[in-house]
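Chemist: The following file, data_28.cif, comprises mmCIF, C-alpha atoms and all ligand atoms:
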data_final
#
loop_
_atom_site.label_atom_id
_atom_site.label_comp_id
_atom_site.auth_asym_id
_atom_site.auth_seq_id
_atom_site.Cartn_x
_atom_site.Cartn_y
_atom_site.Cartn_z
CA MET A 809 77.79 106.24 93.17
CA ILE A 810 77.60 102.63 91.99
CA GLU A 811 75.87 101.33 88.92
CA LEU A 812 75.80 97.69 87.85
CA ALA A 813 74.07 97.23 84.52
CA ASN A 814 73.03 93.94 82.98
CA ILE A 815 75.60 91.86 84.82
CA ASP A 816 76.00 88.19 83.91
CA LYS A 817 78.52 85.98 85.66
CA HIS A 818 79.19 82.44 84.52
CA TYR A 819 81.79 80.03 85.85
CA THR A 820 82.90 77.19 83.64
CA LEU A 821 84.25 74.10 85.40
CA ALA A 822 85.22 71.09 83.32
CA ASP A 823 82.63 71.31 80.54
CA THR A 824 79.82 72.67 82.62
CA THR A 825 78.88 76.32 82.79
CA PHE A 826 77.28 77.61 85.98
CA THR A 827 75.33 80.83 85.87
CA VAL A 828 75.71 82.73 89.12
CA LEU A 829 74.42 86.19 88.16
CA GLN A 830 72.03 86.91 85.32
CA SER A 831 70.96 90.32 83.99
CA LEU A 832 71.59 91.79 87.41
CA ASN A 833 71.13 95.51 87.94
CA LEU A 834 72.01 97.57 90.99
CA SER A 835 72.16 101.28 91.60
CA VAL A 836 73.41 102.69 94.89
CA THR A 837 73.67 106.39 95.73
CA GLN A 838 76.39 108.03 97.82
CA GLY A 839 75.74 107.57 101.53
CA GLU A 840 73.19 104.83 101.04
CA ARG A 841 73.23 101.73 103.27
CA VAL A 842 72.26 98.57 101.42
CA ALA A 843 71.95 95.07 102.87
CA ILE A 844 72.26 92.08 100.55
CA VAL A 845 70.80 88.79 101.72
CA GLY A 846 70.32 85.41 100.09
CA PRO A 847 70.98 81.73 100.65
CA SER A 848 74.46 80.27 100.70
CA GLY A 849 75.73 79.81 97.15
CA SER A 850 73.39 82.41 95.67
CA GLY A 851 76.31 84.55 94.51
CA LYS A 852 76.60 87.25 97.17
CA SER A 853 80.38 87.07 97.47
CA THR A 854 80.73 86.91 93.69
CA LEU A 855 78.61 90.04 93.42
CA LEU A 856 80.89 91.89 95.87
CA LEU A 857 83.99 90.82 93.92
CA ILE A 858 82.47 92.13 90.69
CA LEU A 859 81.28 95.32 92.32
CA THR A 860 84.79 96.11 93.54
CA GLY A 861 86.44 95.16 90.25
CA LEU A 862 88.33 92.22 91.77
CA GLU A 863 86.53 89.85 89.44
CA ASP A 864 85.29 90.55 85.92
CA ALA A 865 81.69 90.04 84.98
CA THR A 866 81.05 87.81 81.97
CA HIS A 867 78.83 90.57 80.54
CA GLY A 868 77.68 93.97 81.71
CA THR A 869 79.23 97.10 83.17
CA VAL A 870 80.21 98.30 86.63
CA SER A 871 80.61 102.02 87.29
CA ILE A 872 81.91 103.56 90.50
CA ALA A 873 81.87 107.32 90.97
CA GLY A 874 81.23 107.82 87.26
CA GLN A 875 84.10 105.60 86.12
CA THR A 876 83.39 102.42 84.24
CA LEU A 877 85.67 99.75 85.69
CA ASN A 878 85.82 97.69 82.49
CA THR A 879 87.56 100.57 80.72
CA LEU A 880 90.28 101.01 83.37
CA SER A 881 93.61 99.21 83.52
CA ALA A 882 94.29 96.81 86.38
CA ASP A 883 96.65 99.38 87.94
CA VAL A 884 94.12 102.18 87.84
CA ARG A 885 91.49 99.88 89.31
CA ALA A 886 93.85 98.92 92.11
CA ASP A 887 94.54 102.60 92.87
CA MET A 888 90.83 103.32 92.90
CA ARG A 889 90.16 100.44 95.27
CA ARG A 890 92.93 101.50 97.59
CA GLU A 891 91.80 105.11 97.74
CA GLN A 892 88.03 104.87 97.63
CA ILE A 893 86.91 101.43 98.73
CA GLY A 894 87.20 99.53 101.99
CA ILE A 895 86.64 95.81 101.54
CA VAL A 896 86.10 93.20 104.24
CA PHE A 897 86.11 89.66 102.91
CA GLN A 898 84.95 86.48 104.60
CA SER A 899 88.54 85.30 104.60
CA PHE A 900 90.39 88.21 106.07
CA HIS A 901 93.53 88.36 103.92
CA LEU A 902 95.65 89.71 106.75
CA ILE A 903 99.39 89.67 106.16
CA PRO A 904 100.76 86.97 108.51
CA THR A 905 104.16 88.61 109.02
CA LEU A 906 102.69 91.93 110.13
CA THR A 907 101.15 92.70 113.54
CA ALA A 908 97.55 93.84 113.87
CA ARG A 909 98.69 97.46 114.02
CA GLU A 910 100.96 97.09 110.99
CA ASN A 911 98.19 95.39 109.01
CA VAL A 912 95.81 98.23 109.77
CA ALA A 913 98.41 100.93 109.05
CA LEU A 914 99.38 99.42 105.70
CA PRO A 915 96.82 101.17 103.45
CA LEU A 916 97.88 104.52 104.96
CA GLU A 917 101.58 103.80 104.60
CA ILE A 918 101.12 102.94 100.94
CA SER A 919 99.50 106.32 100.36
CA GLY A 920 102.13 108.15 102.42
CA HIS A 921 99.90 109.19 105.32
CA ALA A 922 101.87 110.94 108.09
CA GLN A 923 100.13 109.53 111.16
CA SER A 924 99.51 105.99 110.04
CA ARG A 925 100.62 104.37 113.30
CA GLN A 926 98.48 106.56 115.51
CA ARG A 927 95.47 106.22 113.25
CA ALA A 928 95.84 102.41 113.18
CA VAL A 929 95.90 102.28 116.98
CA GLU A 930 92.79 104.49 117.09
CA LEU A 931 90.90 102.12 114.77
CA LEU A 932 92.00 99.02 116.69
CA ASP A 933 90.74 100.73 119.81
CA ARG A 934 87.35 101.33 118.17
CA VAL A 935 86.97 97.62 117.39
CA GLY A 936 87.99 96.65 120.94
CA LEU A 937 91.49 95.40 120.15
CA SER A 938 93.71 97.91 121.94
CA GLU A 939 95.26 95.02 123.89
CA ARG A 940 96.00 93.05 120.73
CA LYS A 941 97.76 95.54 118.50
CA ASP A 942 101.15 93.84 118.67
CA HIS A 943 99.76 90.36 118.01
CA TYR A 944 100.27 88.62 114.70
CA PRO A 945 97.20 87.22 112.87
CA ALA A 946 98.05 83.64 113.94
CA GLN A 947 97.90 84.80 117.57
CA LEU A 948 94.37 86.13 117.16
CA SER A 949 91.01 84.36 117.18
CA GLY A 950 88.81 84.36 114.06
CA GLY A 951 86.65 87.14 115.45
CA GLU A 952 89.70 89.21 116.36
CA GLN A 953 91.15 88.77 112.88
CA GLN A 954 87.82 89.85 111.45
CA ARG A 955 87.95 93.03 113.50
CA VAL A 956 91.52 93.75 112.39
CA ALA A 957 90.32 93.33 108.79
CA MET A 958 87.47 95.74 109.51
CA ALA A 959 89.84 98.31 111.04
CA ARG A 960 92.12 98.00 108.01
CA ALA A 961 89.19 98.47 105.62
CA LEU A 962 88.10 101.67 107.35
CA VAL A 963 91.41 103.27 108.29
CA HIS A 964 91.63 105.45 105.16
CA GLU A 965 87.99 106.59 105.42
CA PRO A 966 86.89 105.18 102.07
CA ALA A 967 83.85 106.60 100.29
CA LEU A 968 82.50 103.06 99.88
CA VAL A 969 82.67 100.12 102.28
CA VAL A 970 81.81 96.65 101.06
CA ALA A 971 81.66 93.91 103.70
CA ASP A 972 80.91 90.21 103.39
CA GLU A 973 79.11 89.10 106.56
CA PRO A 974 80.91 91.60 108.81
CA THR A 975 79.39 90.18 112.00
CA GLY A 976 79.59 86.53 110.92
CA ASN A 977 82.22 85.40 113.44
CA LEU A 978 81.46 87.84 116.21
CA ASP A 979 79.51 87.61 119.45
CA GLU A 980 76.69 90.07 120.00
CA ALA A 981 78.69 92.75 121.82
CA THR A 982 81.68 92.77 119.45
CA GLY A 983 79.37 92.55 116.45
CA GLU A 984 77.54 95.60 117.74
CA ALA A 985 80.82 97.54 118.13
CA VAL A 986 81.81 96.77 114.54
CA VAL A 987 78.38 97.68 113.19
CA GLN A 988 78.43 100.90 115.20
CA LEU A 989 81.78 101.79 113.67
CA LEU A 990 80.36 101.27 110.17
CA PHE A 991 77.26 103.32 110.82
CA ASP A 992 79.24 106.10 112.55
CA LEU A 993 81.38 106.39 109.46
CA ASN A 994 78.26 106.52 107.32
CA GLN A 995 76.76 109.21 109.55
CA ASP A 996 79.91 111.33 109.90
CA SER A 997 81.45 110.99 106.43
CA GLY A 998 78.57 109.88 104.21
CA THR A 999 80.28 106.56 103.54
CA THR A 1000 78.24 104.26 101.32
CA LEU A 1001 77.73 100.82 102.90
CA ILE A 1002 77.05 97.59 101.02
CA LEU A 1003 76.75 94.76 103.52
CA VAL A 1004 76.16 91.09 102.83
CA THR A 1005 74.56 89.69 105.97
CA HIS A 1006 72.50 86.89 107.46
CA ASP A 1007 71.70 89.10 110.44
CA PRO A 1008 68.14 90.51 110.17
CA GLU A 1009 68.92 93.12 112.82
CA LEU A 1010 71.85 94.49 110.82
CA ALA A 1011 69.79 94.41 107.61
CA SER A 1012 67.00 96.34 109.32
CA ARG A 1013 69.41 99.19 110.10
CA CYS A 1014 70.10 99.68 106.40
CA ASP A 1015 68.03 101.86 104.07
CA ARG A 1016 66.99 98.85 102.03
CA THR A 1017 67.47 95.12 101.79
CA LEU A 1018 67.93 93.27 98.51
CA ARG A 1019 67.67 89.51 98.14
CA LEU A 1020 69.86 87.70 95.66
CA HIS A 1021 67.90 84.90 94.07
CA ASP A 1022 68.25 83.18 90.68
CA GLY A 1023 71.07 85.54 89.78
CA GLN A 1024 69.09 88.71 90.33
CA LEU A 1025 68.47 91.22 93.10
CA ASN A 1026 64.96 91.81 94.36
CA GLN A 1027 63.98 94.42 96.88
CA VAL A 1028 62.70 92.96 100.18
CA THR A 1029 62.42 96.16 102.22
CA PRO A 1030 61.34 98.84 102.68
N1 LIG B 1101 86.03 80.85 91.36
C1 LIG B 1101 84.95 80.10 91.18
N2 LIG B 1101 84.91 79.12 90.26
C2 LIG B 1101 83.80 78.38 90.08
N3 LIG B 1101 82.66 78.54 90.74
C3 LIG B 1101 82.62 79.48 91.68
C4 LIG B 1101 83.76 80.33 91.96
N4 LIG B 1101 83.40 81.20 92.93
C5 LIG B 1101 82.14 80.91 93.25
N5 LIG B 1101 81.65 79.89 92.51
C6 LIG B 1101 80.28 79.34 92.56
O1 LIG B 1101 79.37 80.40 92.43
C7 LIG B 1101 78.24 80.22 93.29
C8 LIG B 1101 78.08 81.44 94.17
O2 LIG B 1101 79.14 81.48 95.12
P1 LIG B 1101 79.29 82.68 96.15
O3 LIG B 1101 79.32 83.96 95.42
O4 LIG B 1101 80.45 82.37 97.02
O5 LIG B 1101 77.91 82.55 96.98
P2 LIG B 1101 77.50 83.13 98.40
O6 LIG B 1101 78.51 84.14 98.79
O7 LIG B 1101 76.13 83.70 98.20
O8 LIG B 1101 77.45 81.97 99.32
C9 LIG B 1101 78.49 78.93 94.05
O9 LIG B 1101 77.74 77.93 93.43
C10 LIG B 1101 79.97 78.70 93.90
O10 LIG B 1101 80.26 77.34 93.89
MG MG B 1102 79.75 84.25 100.46
#
In structure tokens, write the structure found in this file.

Modeler:
Amino acid sequence: MIELANIDKHYTLADTTFTVLQSLNLSVTQGERVAIVGPSGSGKSTLLLILTGLEDATHGTVSIAGQTLNTLSADVRADMRREQIGIVFQSFHLIPTLTARENVALPLEISGHAQSRQRAVELLDRVGLSERKDHYPAQLSGGEQQRVAMARALVHEPALVVADEPTGNLDEATGEAVVQLLFDLNQDSGTTLILVTHDPELASRCDRTLRLHDGQLNQVTP
């Protein structure tokens, strides 16, 4: 379902070029659950941005569901992301003027879904936020905002979910609820999961763990 071939990513700041990813390859099949680990600054978030077409690689190709992202226009990429990918970033990108429920319903409203409100409430319930659905992001804690972002990423049942440290700000019980939601979706709908995590327990529930080091991915388990 996803194919990254020979990816290089350089950032140039002032006159210095930093290499973040170098000749990186990754192949993930539909329904697979992949954990990505690695020290801070190793390029995990950059990798997720490239994988979802939000950032261009310096060299190399990214294909999702047989389509090579580099050959698609920005609009087509955006459509593809909206329909097929659920993304949870470290910064949650919630819309401050919309309530939790409205934030979660937004992807459905954009695609003209009939029961967007009901479905948003259902998802908020699953992440333990039924009491918070009319709160605005500023009225929610970091962990609550993270769960709203998770609900929004999953509300349209994407074929691929990409999450950057999905349990990072959560206590054990809430983290478990969010992880359960992800794995239920994988089980029930064959959703592919690509999870950046520092949590060994979460990594161990995935089919394999890859470590990002020196710009490349190496298999740690199984
Ligand atoms: N937009 C950017 N411009 C310049 N350097 C960046 C940018 N984004 C990330 N980097 C650099 O790339 C490296 C990898 O960052 P990141 O992907 O956020 O790592 P991780 O998520 O593993 O902590 C870091 O050294 C960071 O400073
Ligand atoms: Mg990061």

Chemist: Kindly provide, as a PDB file with C-alpha atoms, in the coordinates of the input, all nucleotide and amino acid residues lying within 10 Å of ligand MG 1102 (chain B), counting all atoms listed in the file.

Modeler:
ATOM      1  CA  GLY A 846      70.320  85.410 100.090  1.00  0.00           C
ATOM      2  CA  PRO A 847      70.980  81.730 100.650  1.00  0.00           C
ATOM      3  CA  SER A 848      74.460  80.270 100.700  1.00  0.00           C
ATOM      4  CA  GLY A 849      75.730  79.810  97.150  1.00  0.00           C
ATOM      5  CA  SER A 850      73.390  82.410  95.670  1.00  0.00           C
ATOM      6  CA  GLY A 851      76.310  84.550  94.510  1.00  0.00           C
ATOM      7  CA  LYS A 852      76.600  87.250  97.170  1.00  0.00           C
ATOM      8  CA  SER A 853      80.380  87.070  97.470  1.00  0.00           C
ATOM      9  CA  THR A 854      80.730  86.910  93.690  1.00  0.00           C
ATOM     10  CA  LEU A 855      78.610  90.040  93.420  1.00  0.00           C
ATOM     11  CA  LEU A 856      80.890  91.890  95.870  1.00  0.00           C
ATOM     12  CA  PHE A 897      86.110  89.660 102.910  1.00  0.00           C
ATOM     13  CA  GLN A 898      84.950  86.480 104.600  1.00  0.00           C
ATOM     14  CA  SER A 899      88.540  85.300 104.600  1.00  0.00           C
ATOM     15  CA  ASP A 972      80.910  90.210 103.390  1.00  0.00           C
ATOM     16  CA  GLU A 973      79.110  89.100 106.560  1.00  0.00           C
ATOM     17  CA  VAL A1004      76.160  91.090 102.830  1.00  0.00           C
ATOM     18  CA  THR A1005      74.560  89.690 105.970  1.00  0.00           C
TER      19      THR A1005
END

Chemist: Would you please work out which residue, of A:Leu914, A:Ala959, A:Ala1011, A:Phe900, is nearest to A:Ala946 when using only C-alpha atoms?

Modeler: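 Looking only at the distances to A:Ala946, the closest residue turns out to be A:Phe900.
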
Chemist: A:Thr879, A:Gln926, A:Ser1012, A:Thr1000: which is nearest A:Leu968, counting all atoms listed in the file?

Modeler: A:Thr1000

Chemist: Fewer than 3 positions away in the same chain doesn't count, so skip those; otherwise give me all residues within 12 Å of A:Thr876, counting all atoms listed in the file, as a PyMOL selection string.

Modeler: chain A and resi 809-813+859-861+868-873+879-881+884-885+888

Chemist: Which distance in Å separates atom CA of A:Thr1017 and atom CA of A:Val842, to one decimal?

Modeler: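 A separation of 5.9 Å between them.
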
Chemist: Rounded to one decimal in Å, what is the spacing between atom CA of A:Pro966 and atom CA of A:Ile893?

Modeler: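 Those two atoms sit 5.0 Å apart.
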
Chemist: Please enclose the listed atoms of stretch 832-840 of chain A in an axis-aligned box, pad each side by 6 Å, and write out the centre and the three edge lengths in Å, rounded to one decimal, as JSON.

Modeler:
{"center_x": 73.8, "center_y": 99.9, "center_z": 94.5, "size_x": 17.3, "size_y": 28.2, "size_z": 26.1}

Chemist: Measuring between only C-alpha atoms and all ligand atoms, which one of A:Ile844, A:Ala922, A:Leu1018, A:Ile815 shows the shortest distance to ligand LIG 1101 (chain B)?

Modeler: A:Ile844

Chemist: From the options A:Val929, A:Val970, A:Val845, A:Leu834, which residue's atoms come nearest to ligand LIG 1101 (chain B), counting only C-alpha atoms and all ligand atoms?

Modeler: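 So, comparing all the options, the nearest one is A:Val845.
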
Chemist: How many Å lie between atom CA of A:Leu990 and atom CA of A:Thr837, rounded to one decimal?

Modeler: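 Going from atom CA of A:Leu990 over to atom CA of A:Thr837, I get 16.7 Å.
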
Chemist: Between A:Ala913, A:Ile1002, A:Ile858, A:Ala882, which one has atoms that come closest to ligand LIG 1101 (chain B), using all atoms listed in the file?

Modeler: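 When distances to ligand LIG 1101 (chain B) are compared using all atoms listed in the file, the smallest one comes from A:Ile858.
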
Chemist: Would you mind telling me which residue in A:Gly950, A:Pro1030, A:Gly976, A:Gly1023 lies nearest to ligand LIG 1101 (chain B) when using only C-alpha atoms and all ligand atoms?

Modeler: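 Using only C-alpha atoms and all ligand atoms, ligand LIG 1101 (chain B) sits closest to A:Gly1023.
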
Chemist: Counting all atoms listed in the file, I want the residues whose atoms come within 9 Å of (87.4, 103.8, 105.1) in the file frame, returned as a list in words.

Modeler: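 Returned residue set, sorted by chain then number, is Glu891, Gln892, Ile893, Gly894, Ile895, Ala959, Arg960, Ala961, Leu962, Val963, His964, Glu965, Pro966, Ala967, Leu968, Val969, Leu993 and Thr999 of chain A.
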
Chemist: Which neighbours of stretch 1024-1029 of chain A fall inside 8 Å, counting all atoms listed in the file, when residues of the same chain fewer than 4 positions from it are skipped, and could you give them as a list in words?

Modeler: Leu829, Gln830, Ser831, Leu832, Asn833, Leu834, Arg1016, Thr1017, Leu1018, Arg1019 and Leu1020 of chain A

Chemist: From (100.2, 88.7, 106.5), in the file's coordinates, out to 12 Å: which residues are reached, counting all atoms listed in the file? Answer as a ChimeraX atom specification.

Modeler: /A:900-912,914,943-947,953,956-957
